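Containing mmCIF, C-alpha atoms: model_36.cif.
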data_upload
loop_
_atom_site.label_atom_id
_atom_site.label_comp_id
_atom_site.auth_asym_id
_atom_site.auth_seq_id
_atom_site.Cartn_x
_atom_site.Cartn_y
_atom_site.Cartn_z
CA MET A 1 0.00 0.00 0.00
CA PRO A 2 1.45 3.40 -0.96
CA ARG A 3 2.34 5.86 1.78
CA MET A 4 0.02 8.78 2.42
CA LEU A 5 2.80 11.15 1.34
CA ASP A 6 2.95 9.47 -2.09
CA LEU A 7 -0.83 9.76 -2.47
CA ILE A 8 -0.66 13.46 -1.60
CA ARG A 9 2.16 14.03 -4.09
CA ASN A 10 0.05 12.38 -6.78
CA SER A 11 -3.07 14.44 -5.89
CA GLN A 12 -4.99 11.31 -4.92
CA VAL A 13 -6.27 12.60 -1.56
CA PRO A 14 -9.68 14.34 -1.10
CA SER A 15 -9.85 17.92 0.18
CA ASN A 16 -11.03 17.04 3.70
CA LEU A 17 -8.04 14.75 4.22
CA MET A 18 -5.71 17.40 2.82
CA GLN A 19 -7.01 19.81 5.47
CA SER A 20 -6.31 17.21 8.14
CA ALA A 21 -2.83 16.65 6.67
CA ALA A 22 -2.08 20.40 6.84
CA ARG A 23 -3.06 20.36 10.54
CA GLY A 24 -0.93 17.29 11.22
CA SER A 25 -3.89 15.22 12.35
CA LEU A 26 -3.67 12.25 9.99
CA SER A 27 -3.21 8.78 11.50
CA VAL A 28 0.30 8.20 10.14
CA PRO A 29 3.69 7.74 11.90
CA PRO A 30 5.25 10.97 13.31
CA GLY A 31 8.15 10.92 10.83
CA GLU A 32 5.81 10.71 7.86
CA THR A 33 3.57 13.42 9.32
CA ILE A 34 6.49 15.85 9.36
CA GLU A 35 7.42 14.87 5.78
CA ILE A 36 3.84 15.55 4.69
CA LEU A 37 3.76 18.92 6.46
CA VAL A 38 7.06 20.01 4.91
CA TYR A 39 5.92 18.89 1.46
CA LEU A 40 2.69 20.90 1.76
CA ALA A 41 4.54 23.92 3.20
CA LEU A 42 6.94 24.00 0.27
CA HIS A 43 4.84 22.85 -2.67
CA HIS A 44 1.10 23.36 -2.03
CA LYS A 45 -0.48 26.77 -2.59
CA LEU A 46 -3.83 26.01 -0.97
CA PHE A 47 -2.69 24.25 2.19
CA GLY A 48 0.91 25.52 2.42
CA ALA A 49 0.20 28.37 4.84
CA GLN A 50 -1.63 26.08 7.27
CA ALA A 51 1.16 23.50 7.07
CA ARG A 52 3.76 26.17 7.91
CA LEU A 53 1.76 27.26 10.95
CA THR A 54 1.46 23.65 12.08
CA LEU A 55 5.19 23.06 11.72
CA ALA A 56 6.01 26.26 13.63
CA GLY A 57 4.14 24.90 16.66
CA TRP A 58 4.90 21.21 16.18
CA ASP A 59 5.79 19.14 19.23
CA GLU A 60 9.38 19.99 20.19
CA LYS A 61 10.32 16.44 21.16
CA ALA A 62 9.16 15.01 17.83
CA SER A 63 10.83 17.86 15.92
CA LEU A 64 14.12 17.28 17.77
CA ALA A 65 13.99 13.57 16.96
CA ALA A 66 13.60 14.37 13.26
CA ALA A 67 16.31 17.07 13.35
CA ALA A 68 18.85 14.73 14.96
CA ASN A 69 18.15 11.67 12.80
CA PRO A 70 20.59 11.30 9.85
CA LYS A 71 17.92 9.26 8.04
CA THR A 72 15.40 12.10 8.05
CA SER A 73 14.37 13.25 4.57
CA PRO A 74 16.78 15.86 3.09
CA GLU A 75 13.75 18.03 2.29
CA VAL A 76 12.70 18.04 5.96
CA LEU A 77 16.22 18.82 7.18
CA GLY A 78 16.54 21.57 4.58
CA TYR A 79 13.26 23.10 5.75
CA PHE A 80 14.23 23.00 9.42
CA VAL A 81 17.69 24.51 8.85
CA SER A 82 16.59 27.41 6.59
CA LEU A 83 16.68 30.87 8.17
CA GLU A 84 13.03 31.48 7.28
CA ASN A 85 11.74 28.41 9.15
CA LEU A 86 14.43 27.82 11.79
CA ARG A 87 13.40 27.04 15.34
CA THR A 88 16.47 27.82 17.42
CA CYS A 89 15.77 24.96 19.84
CA LEU A 90 16.40 22.52 16.96
CA LEU A 91 19.70 24.05 15.87
CA PRO A 92 22.06 22.06 18.16
CA ALA A 93 20.63 18.82 16.78
CA LEU A 94 20.72 20.08 13.19
CA ALA A 95 24.29 21.39 13.50
CA ASP A 96 25.60 18.00 14.61
CA ASN A 97 23.53 15.96 12.14
CA PRO A 98 25.95 14.68 9.45
CA SER A 99 23.14 14.71 6.87
CA VAL A 100 22.88 18.50 7.15
CA GLY A 101 25.41 19.93 4.70
CA GLU A 102 27.93 22.62 5.61
CA GLU A 103 26.46 24.87 2.91
CA ALA A 104 23.16 25.03 4.86
CA LEU A 105 24.94 25.81 8.14
CA ASP A 106 27.11 28.33 6.29
CA ALA A 107 24.04 30.49 5.57
CA LEU A 108 23.07 30.41 9.25
CA ALA A 109 26.61 31.27 10.34
CA VAL A 110 26.71 34.35 8.12
CA SER A 111 23.23 35.73 8.73
CA GLY A 112 21.89 34.12 11.91
CA SER A 113 20.58 36.00 14.93
CA ARG A 114 22.36 36.21 18.27
CA ALA A 115 20.54 33.08 19.43
CA VAL A 116 21.74 31.25 16.32
CA VAL A 117 25.32 32.37 16.96
CA ASP A 118 25.13 31.07 20.55
CA ALA A 119 23.93 27.67 19.35
CA LEU A 120 26.59 27.40 16.63
CA LEU A 121 29.38 28.32 19.06
CA MET A 122 28.31 25.39 21.25
CA SER A 123 28.50 22.91 18.37
CA THR A 124 31.55 20.65 18.26
CA ARG A 125 31.14 20.24 14.52
CA VAL A 126 31.00 23.96 13.82
CA MET A 127 33.97 24.74 16.05
CA SER A 128 36.13 22.21 14.19
CA ALA A 129 35.10 23.21 10.64
CA PRO A 130 37.26 26.02 9.13
CA ARG A 131 34.62 26.90 6.54
CA LEU A 132 31.91 27.42 9.17
CA LEU A 133 34.26 29.35 11.46
CA GLN A 134 35.18 31.67 8.61
CA ALA A 135 31.47 32.20 7.89
CA LEU A 136 30.83 32.98 11.55
CA GLN A 137 33.56 35.65 11.47
CA SER A 138 31.36 37.73 9.14
CA ASN A 139 28.28 37.58 11.40
CA ALA A 140 27.43 41.04 12.73
CA ASN A 141 26.09 39.56 15.99
CA LEU A 142 29.46 38.10 17.00
CA ARG A 143 31.12 39.67 20.06
CA PRO A 144 34.75 40.87 19.89
CA THR A 145 35.91 38.21 22.37
CA GLU A 146 34.21 35.50 20.29
CA LEU A 147 35.78 36.86 17.11
CA ALA A 148 39.21 36.65 18.72
CA GLU A 149 38.50 33.11 19.93
CA ILE A 150 37.45 32.03 16.44
CA GLY A 151 40.65 33.57 15.07
CA LYS A 152 42.72 31.49 17.50
CA LYS A 153 40.74 28.39 16.63
CA LEU A 154 41.35 28.87 12.91
CA VAL A 155 45.07 29.37 13.46
CA ALA A 156 45.17 26.18 15.55
CA LEU A 157 43.28 24.22 12.91
CA GLU A 158 45.67 25.39 10.19
CA ALA A 159 48.72 24.63 12.33
CA SER A 160 47.49 21.09 13.01
CA PRO A 161 45.42 20.24 9.95
CA VAL A 162 43.21 17.21 9.97
CA ALA A 163 44.05 14.82 7.17
CA GLU A 164 41.90 15.70 4.19
CA PRO A 165 39.67 13.00 2.72
CA PRO A 166 41.03 11.57 -0.50
CA GLU A 167 39.92 13.29 -3.66
CA ALA A 168 36.97 11.85 -5.47
CA GLY A 169 38.45 9.32 -7.82
CA ALA A 170 37.84 9.36 -11.54
CA PRO A 171 38.80 6.46 -13.78
CA ASP A 172 42.00 7.06 -15.75
CA GLU A 173 40.18 6.49 -19.03
CA VAL A 174 37.64 9.22 -18.13
CA ILE A 175 40.42 11.70 -17.35
CA GLU A 176 42.36 10.80 -20.50
CA GLY A 177 39.22 11.15 -22.60
CA THR A 178 38.45 14.54 -21.08
CA VAL A 179 41.99 15.79 -21.75
CA THR A 180 41.98 14.56 -25.35
CA LYS A 181 38.54 16.03 -26.09
CA TYR A 182 39.46 19.40 -24.58
CA LEU A 183 42.70 19.62 -26.56
CA GLU A 184 40.91 18.70 -29.78
CA GLU A 185 38.06 21.18 -29.26
CA ASN A 186 40.50 24.01 -28.59
CA ALA A 187 43.21 23.04 -31.08
CA ALA A 188 43.18 26.39 -32.94
CA GLU A 189 43.47 28.49 -29.77
CA LEU A 190 46.05 26.08 -28.40
CA ALA A 191 48.23 26.58 -31.48
CA ALA A 192 47.99 30.36 -31.11
CA GLU A 193 48.89 30.27 -27.39
CA LYS A 194 51.40 27.42 -27.48
CA ASP A 195 54.43 29.53 -26.50
CA LYS A 196 52.69 31.48 -23.72
CA PRO A 197 54.48 30.87 -20.40
CA PHE A 198 52.88 30.34 -17.00
CA GLN A 199 51.85 33.76 -15.68
CA PRO A 200 49.67 33.45 -12.56
CA ILE A 201 47.35 36.36 -11.87
CA GLY A 202 48.18 38.15 -8.64
CA MET A 203 51.48 36.32 -8.08
CA ALA A 204 55.03 37.46 -8.71
CA HIS A 205 57.03 35.65 -11.38
CA GLU A 206 59.75 34.91 -8.87
CA ASP A 207 57.18 33.00 -6.82
CA ALA A 208 56.35 30.96 -9.89
CA GLY A 209 59.96 30.03 -10.56
CA GLY A 210 60.68 32.94 -12.90
CA GLU A 211 63.39 35.57 -12.68
CA ALA A 212 61.59 38.91 -12.65
CA ALA A 213 59.27 40.02 -9.85
CA VAL A 214 56.69 41.42 -12.26
CA GLU A 215 53.00 40.82 -11.76
CA VAL A 216 50.37 40.43 -14.43
CA GLY A 217 47.45 42.74 -15.02
CA PRO A 218 45.31 44.88 -12.70
CA GLN A 219 44.27 41.85 -10.67
CA ALA A 220 47.88 41.39 -9.59
CA ALA A 221 48.12 44.97 -8.41
CA ALA A 222 44.96 44.48 -6.39
CA ALA A 223 46.39 41.33 -4.84
CA THR A 224 49.61 43.14 -3.92
CA ALA A 225 47.65 46.00 -2.37
CA SER A 226 45.56 43.51 -0.41
CA ALA A 227 48.66 41.75 0.90
CA SER A 228 50.20 45.11 1.92
CA ALA A 229 46.98 46.06 3.68
CA ASP A 230 47.02 42.79 5.61
CA ALA A 231 50.61 43.39 6.70
CA ALA A 232 49.81 46.95 7.74
CA ALA A 233 46.78 45.75 9.71
CA VAL A 234 48.91 43.26 11.62
CA LYS A 235 51.60 45.87 12.37
CA SER A 236 49.07 48.45 13.46
CA ALA A 237 47.21 45.99 15.67
CA ALA A 238 50.44 44.88 17.32
CA ALA A 239 51.46 48.50 17.97
CA ALA A 240 48.11 49.15 19.60
CA GLY A 241 48.69 46.29 21.97
CA LYS A 242 46.02 43.99 20.58
CA SER A 243 46.30 40.32 21.35
CA ALA A 244 47.76 37.96 18.79
CA ALA A 245 44.44 36.15 18.72
CA ALA A 246 42.54 39.28 17.68
CA VAL A 247 45.06 39.97 14.95
CA ALA A 248 44.82 36.39 13.76
CA GLY A 249 41.05 36.73 13.43
CA HIS A 250 41.38 39.43 10.78
CA ALA A 251 44.81 39.03 9.18
CA LYS A 252 45.80 36.57 6.52
CA LYS A 253 46.63 33.22 8.13
CA HIS A 254 50.17 31.87 7.94
CA PRO A 255 50.47 28.37 6.48
CA PRO A 256 51.82 25.58 8.67
CA PRO A 257 55.55 24.75 8.51
CA GLY A 258 56.42 22.95 5.31
CA HIS A 259 53.40 24.27 3.42
CA GLU A 260 55.29 27.14 1.76
CA GLU A 261 58.09 24.81 0.66
CA ARG A 262 55.59 22.41 -0.91
CA ARG A 263 53.79 25.22 -2.68
CA ASP A 264 57.08 26.68 -3.97
CA SER A 265 57.99 23.27 -5.35
CA THR A 266 54.59 22.98 -7.07
CA LEU A 267 54.94 26.46 -8.56
CA GLN A 268 58.39 25.65 -9.92
CA LYS A 269 57.09 22.42 -11.43
CA ILE A 270 54.19 24.23 -13.13
CA ALA A 271 56.41 27.07 -14.36
CA LYS A 272 58.46 24.57 -16.38
CA LEU A 273 55.43 23.19 -18.25
CA ASP A 274 54.22 24.38 -21.62
CA ILE A 275 50.54 25.16 -22.15
CA ARG A 276 49.66 21.58 -23.15
CA GLY A 277 51.38 20.25 -20.03
CA ARG A 278 49.53 22.73 -17.79
CA ILE A 279 46.17 21.79 -19.31
CA THR A 280 46.92 18.11 -18.71
CA LEU A 281 47.97 18.83 -15.11
CA ALA A 282 44.83 20.90 -14.55
CA MET A 283 42.74 17.80 -15.25
CA ARG A 284 44.98 15.07 -13.84
CA GLY A 285 46.67 16.89 -10.96
CA SER A 286 45.96 17.42 -7.28
CA LYS A 287 43.81 19.99 -5.51
CA GLU A 288 46.93 22.11 -4.91
CA ASP A 289 47.79 22.00 -8.62
CA ARG A 290 44.28 23.17 -9.48
CA SER A 291 44.37 25.99 -6.89
CA ILE A 292 47.40 27.44 -8.71
CA LEU A 293 46.39 26.73 -12.30
CA ILE A 294 42.95 28.34 -11.88
CA ARG A 295 44.89 31.63 -11.64
CA ASP A 296 46.80 31.04 -14.89
CA SER A 297 46.44 34.10 -17.10
CA THR A 298 46.03 31.79 -20.09
CA LYS A 299 42.29 31.23 -20.47
CA LEU A 300 42.67 27.71 -21.89
CA VAL A 301 44.54 26.53 -18.79
CA ALA A 302 42.27 28.19 -16.23
CA ILE A 303 39.09 26.87 -17.85
CA ALA A 304 40.64 23.38 -18.01
CA VAL A 305 40.60 23.32 -14.19
CA LEU A 306 36.80 23.53 -14.24
CA GLU A 307 36.68 20.70 -16.77
CA SER A 308 38.64 18.34 -14.50
CA PRO A 309 36.65 15.23 -13.51
CA LYS A 310 38.42 15.44 -10.13
CA ILE A 311 37.34 18.94 -9.09
CA SER A 312 34.89 19.11 -6.18
CA ASP A 313 31.97 21.46 -5.59
CA GLY A 314 33.80 22.81 -2.54
CA GLU A 315 36.73 23.89 -4.69
CA VAL A 316 34.40 25.65 -7.12
CA GLU A 317 32.65 27.43 -4.22
CA SER A 318 36.04 28.87 -3.28
CA ILE A 319 36.91 29.77 -6.88
CA ALA A 320 33.57 31.58 -7.26
CA LEU A 321 34.64 34.02 -4.55
CA GLN A 322 38.17 34.65 -5.85
CA LYS A 323 39.04 38.09 -7.19
CA ASN A 324 42.31 36.97 -8.79
CA VAL A 325 40.92 34.81 -11.58
CA LEU A 326 39.97 35.66 -15.16
CA GLU A 327 36.44 36.90 -15.80
CA SER A 328 36.10 34.07 -18.32
CA VAL A 329 36.53 31.59 -15.44
CA LEU A 330 33.68 33.18 -13.49
CA ARG A 331 31.50 33.16 -16.62
CA ALA A 332 32.32 29.50 -17.27
CA ILE A 333 31.19 28.27 -13.82
CA PRO A 334 27.40 28.62 -14.30
CA MET A 335 27.72 27.20 -17.82
CA LYS A 336 28.24 23.77 -16.28
CA ARG A 337 24.95 22.33 -15.08
CA ARG A 338 26.53 20.59 -12.09
CA PHE A 339 27.77 23.89 -10.69
CA ALA A 340 24.66 25.86 -11.69
CA LYS A 341 22.58 23.57 -9.46
CA ASN A 342 24.73 24.36 -6.41
CA TYR A 343 23.19 27.31 -4.55
CA SER A 344 26.35 28.18 -2.61
CA ILE A 345 28.37 28.47 -5.83
CA MET A 346 25.80 30.75 -7.46
CA ARG A 347 25.55 32.90 -4.31
CA ASN A 348 29.33 33.25 -4.12
CA LEU A 349 29.47 34.40 -7.73
CA VAL A 350 26.99 37.19 -7.01
CA TYR A 351 28.93 38.19 -3.89
CA ASN A 352 32.18 38.39 -5.87
CA PRO A 353 32.81 42.00 -7.03
CA ARG A 354 34.94 40.58 -9.87
CA THR A 355 31.93 38.79 -11.43
CA PRO A 356 30.70 40.63 -14.57
CA LEU A 357 27.63 42.77 -13.87
CA ASP A 358 25.37 41.07 -16.41
CA LEU A 359 26.13 37.65 -14.92
CA SER A 360 25.51 38.81 -11.35
CA LEU A 361 22.18 40.42 -12.27
CA GLY A 362 21.02 37.18 -13.89
CA LEU A 363 22.02 35.02 -10.93
CA MET A 364 20.48 37.32 -8.31
CA LYS A 365 17.01 36.06 -9.19
CA LYS A 366 17.89 32.75 -7.54
CA LEU A 367 19.03 34.20 -4.21
CA LEU A 368 17.11 33.62 -0.98
CA ILE A 369 15.69 36.53 1.00
CA HIS A 370 18.44 36.63 3.66
CA ASP A 371 21.18 36.59 1.01
CA LEU A 372 19.51 39.44 -0.87
CA LYS A 373 19.40 41.43 2.37
CA ASN A 374 23.10 40.81 3.04
CA LEU A 375 23.98 41.66 -0.57
CA SER A 376 22.13 44.99 -0.37
CA GLY A 377 24.55 46.06 2.36
CA ASN A 378 27.71 44.61 0.84
CA LYS A 379 30.06 47.55 0.14
CA GLU A 380 32.38 45.42 -2.03
CA VAL A 381 29.88 44.93 -4.86
CA SER A 382 28.75 47.71 -7.20
CA ASP A 383 26.00 50.22 -6.39
CA THR A 384 23.86 48.66 -9.11
CA ILE A 385 24.02 45.23 -7.49
CA ARG A 386 23.21 46.65 -4.05
CA LYS A 387 20.22 48.63 -5.34
CA VAL A 388 18.78 45.72 -7.30
CA ALA A 389 19.31 43.40 -4.32
CA LEU A 390 17.43 45.82 -2.04
CA ARG A 391 14.56 46.11 -4.49
CA MET A 392 14.30 42.33 -4.90
CA PHE A 393 14.49 41.86 -1.11
CA ARG A 394 11.58 44.27 -0.56
CA GLN A 395 9.53 42.64 -3.31
CA LYS A 396 9.99 39.18 -1.80
CA MET A 397 9.18 40.47 1.69
CA ASP A 398 6.00 42.11 0.40
CA LYS A 399 4.98 38.92 -1.39
CA LYS A 400 5.73 36.86 1.71
CA GLY A 401 3.80 39.22 3.97
#

Would you mind giving the structure from this file in structure tokens?
Amino acid sequence: MPRMLDLIRNSQVPSNLMQSAARGSLSVPPGETIEILVYLALHHKLFGAQARLTLAGWDEKASLAAAANPKTSPEVLGYFVSLENLRTCLLPALADNPSVGEEALDALAVSGSRAVVDALLMSTRVMSAPRLLQALQSNANLRPTELAEIGKKLVALEASPVAEPPEAGAPDEVIEGTVTKYLEENAAELAAEKDKPFQPIGMAHEDAGGEAAVEVGPQAAAATASASADAAAVKSAAAAGKSAAAVAGHAKKHPPPGHEERRDSTLQKIAKLDIRGRITLAMRGSKEDRSILIRDSTKLVAIAVLESPKISDGEVESIALQKNVLESVLRAIPMKRRFAKNYSIMRNLVYNPRTPLDLSLGLMKKLLIHDLKNLSGNKEVSDTIRKVALRMFRQKMDKKG
């Protein structure tokens, strides 16, 4: 016999039973009742409002059980953890539920209320996840002492890094096929660019194994200015007698011992490769190789990183925020369906002041209310983006109200 939820999805339930379902009074197991309520709240125009009211006052014990259970439906967990529907009492259970993705908690960390911040600071998972700690640093409700503590925690995590999980494997034949196809499709451009050396955007040639300390393009100048600003901030903070922890919370983190040597070695290896070799490495190489090659000023090489079968969504989320990559890289990200379906990647692109205006304006339509609100106050993006974000935020609030 099909579940009641399946009957409701297929519109096979009479109106009187739908009303009972929206009030949570059907004779079905508690777990299925919550699934039904969330489905109606998200997808049913007629009974959605009633279902949302029912969920807002649903039994706390039953809600906690669903929030803590890794086997709970992803749709239910997504509903519970969204800023619009969050019940703060459920957050500790949601934060430590492995089935709740970091991208969902990331939104809470950035935009959550003071009560949300308190709950996240108590979570073992959050306090051991660099991505979530970095998101928390941008929360306006964070106290100065907490900001300093997060800075110390991040420094400690970088100094004693947890072993990263192995990269998602891709069969050798898949990688080889991808490399061959890419080289064939871009043969004409490859021939024209074949003698172009490795010139990373925002990095000195001497760092890349070259001889002259000359940087490439306006992005490089911006990167140099940013690095100088970081150094000045550290010096100023130290002179003012601030604690090392407070400085660490805002300044650029220093890599653990041995990291610089490894990166120098990787840069020197890449600097010796021709364009064909760099394209091949972009698809076959490690995460560190990709993090360097995505900044290659040669478009063919940088785009090849996004074509790699080994690249993860997390890497692309980071790339989407980078200001020292080619505009063509940022334009290429939403052209791949896999990345276009990832909300965090699309949000990061809009938040990146380097993203072309026309692309940002198109992607803004997909942003959630809280992200539109944050964007409207983001001084890094253009005035046009802020104004449009504010208008869209008000329109969605009016429609919701």

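Selection result for the displayed file, with the PyMOL selection byres ((chain A and resi 304) around 8) as criterion, is A:Tyr182, A:Ile279, A:Ala282, A:Met283, A:Leu300, A:Val301, A:Ala302, A:Ile303, A:Val305, A:Leu306, A:Glu307, A:Ser308.
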
What is the atom CA of Thr298 of chain A-atom CA of Ile201 of chain A distance in Å, reported with one decimal?
9.5 Å

Leu77 of chain A environment, 10 Å, only C-alpha atoms, sequence neighbours closer than 6 positions dropped, as a PyMOL selection string:
chain A and resi 35+38+66-71+94+97+99-101+104

Give the answer as one residue: which of A:Arg284, A:Leu190, A:Arg347, A:Gly31 has the shortest atom-to-atom distance to Gly362 of chain A, using all atoms listed in the file?
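Checking each candidate against Gly362 of chain A, we get A:Arg347 as the closest.
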
What separation in Å, quoted to one decimal, exists between atom CA of Cys89 of chain A and atom CA of Gly57 of chain A?
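Taking atom CA of Cys89 of chain A as the start and atom CA of Gly57 of chain A as the end point, the length is 12.1 Å.
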
Ref. answer, residues at most 7 Å from (2.8, 22.6, 8.3) with all atoms listed in the file, as number ranges by chain
A: 22-23, 37-38, 40-41, 48, 50-55

Find the spatial neighbours of Asn141 of chain A, counting only C-alpha atoms, within a cut-off of 10 Å - ignore same-chain residues fewer than 3 positions away - and output them as a short mmCIF file (atom, residue, chain, number, x, y, z; two decimals) with C-alpha atoms, in the frame of the given file.
data_model
loop_
_atom_site.label_atom_id
_atom_site.label_comp_id
_atom_site.auth_asym_id
_atom_site.auth_seq_id
_atom_site.Cartn_x
_atom_site.Cartn_y
_atom_site.Cartn_z
CA VAL A 110 26.71 34.35 8.12
CA SER A 111 23.23 35.73 8.73
CA GLY A 112 21.89 34.12 11.91
CA SER A 113 20.58 36.00 14.93
CA ARG A 114 22.36 36.21 18.27
CA ALA A 115 20.54 33.08 19.43
CA VAL A 116 21.74 31.25 16.32
CA VAL A 117 25.32 32.37 16.96
CA ASP A 118 25.13 31.07 20.55
CA LEU A 136 30.83 32.98 11.55
CA GLN A 137 33.56 35.65 11.47
CA SER A 138 31.36 37.73 9.14
CA PRO A 144 34.75 40.87 19.89
#

In Å, with one decimal, what is the gap from atom CA of Ala62 of chain A to atom CA of Ser25 of chain A?
14.2 Å

Give me the residues within 10 Å of segment 381-383 of chain A as a PDB file with C-alpha atoms, in the frame of the given file, counting all atoms listed in the file and dropping any in the same chain fewer than 2 places off.
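Output file around-v1.pdb is given in full below:
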ATOM      1  CA  VAL A 350      26.990  37.190  -7.010  1.00  0.00           C
ATOM      2  CA  TYR A 351      28.930  38.190  -3.890  1.00  0.00           C
ATOM      3  CA  ASN A 352      32.180  38.390  -5.870  1.00  0.00           C
ATOM      4  CA  PRO A 353      32.810  42.000  -7.030  1.00  0.00           C
ATOM      5  CA  ARG A 354      34.940  40.580  -9.870  1.00  0.00           C
ATOM      6  CA  THR A 355      31.930  38.790 -11.430  1.00  0.00           C
ATOM      7  CA  LEU A 357      27.630  42.770 -13.870  1.00  0.00           C
ATOM      8  CA  SER A 360      25.510  38.810 -11.350  1.00  0.00           C
ATOM      9  CA  LEU A 375      23.980  41.660  -0.570  1.00  0.00           C
ATOM     10  CA  SER A 376      22.130  44.990  -0.370  1.00  0.00           C
ATOM     11  CA  GLY A 377      24.550  46.060   2.360  1.00  0.00           C
ATOM     12  CA  ASN A 378      27.710  44.610   0.840  1.00  0.00           C
ATOM     13  CA  LYS A 379      30.060  47.550   0.140  1.00  0.00           C
ATOM     14  CA  ILE A 385      24.020  45.230  -7.490  1.00  0.00           C
ATOM     15  CA  ARG A 386      23.210  46.650  -4.050  1.00  0.00           C
ATOM     16  CA  LYS A 387      20.220  48.630  -5.340  1.00  0.00           C
ATOM     17  CA  VAL A 388      18.780  45.720  -7.300  1.00  0.00           C
ATOM     18  CA  ALA A 389      19.310  43.400  -4.320  1.00  0.00           C
TER      19      ALA A 389
END

For Asp313 of chain A, which residue among A:Glu103, A:Glu189, A:Glu60, A:Asp296 is the nearest when counting only C-alpha atoms?
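Closest to Asp313 of chain A, using only C-alpha atoms: A:Glu103.
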
Hey, can I get the axis-aligned box for segment 4-14 of chain A? All listed atoms, 5 Å padding on each side, centre and edge lengths in Å to one decimal, as lines of an AutoDock Vina configuration file.
center_x = -3.4
center_y = 11.6
center_z = -2.2
size_x = 22.6
size_y = 15.7
size_z = 19.2

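If you count all atoms listed in the file and ignore residues fewer than 5 places along the chain from segment 314-318 of chain A, what sits within 7 Å of it is Ser344, Ile345 and Asn348 of chain A.
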
Given all atoms listed in the file as the counted atoms, nearest of A:Arg143, A:Arg9, A:Lys323, A:Arg276 to Ile294 of chain A
A:Lys323

Have a look at A:Lys194, A:Lys45, A:Arg391, A:Lys336 and name the one nearest to Met364 of chain A; count all atoms listed in the file.
A:Arg391

Excluding same-chain residues fewer than 3 positions from segment 198-200 of chain A, what lies within 6 Å of it counting only C-alpha atoms, as a list in words?
Met203, Ala271, Arg295, Asp296 and Ser297 of chain A

Would you mind telling me which residue in A:Ser286, A:Thr178, A:Ser265, A:Asn186 lies nearest to Pro309 of chain A when using only C-alpha atoms?
A:Thr178

Nearest residue to Gln268 of chain A out of A:Leu121, A:Asp289, A:Met397, A:Lys61, using only C-alpha atoms?
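Answer, going by the shortest atom-to-atom distance: A:Asp289.
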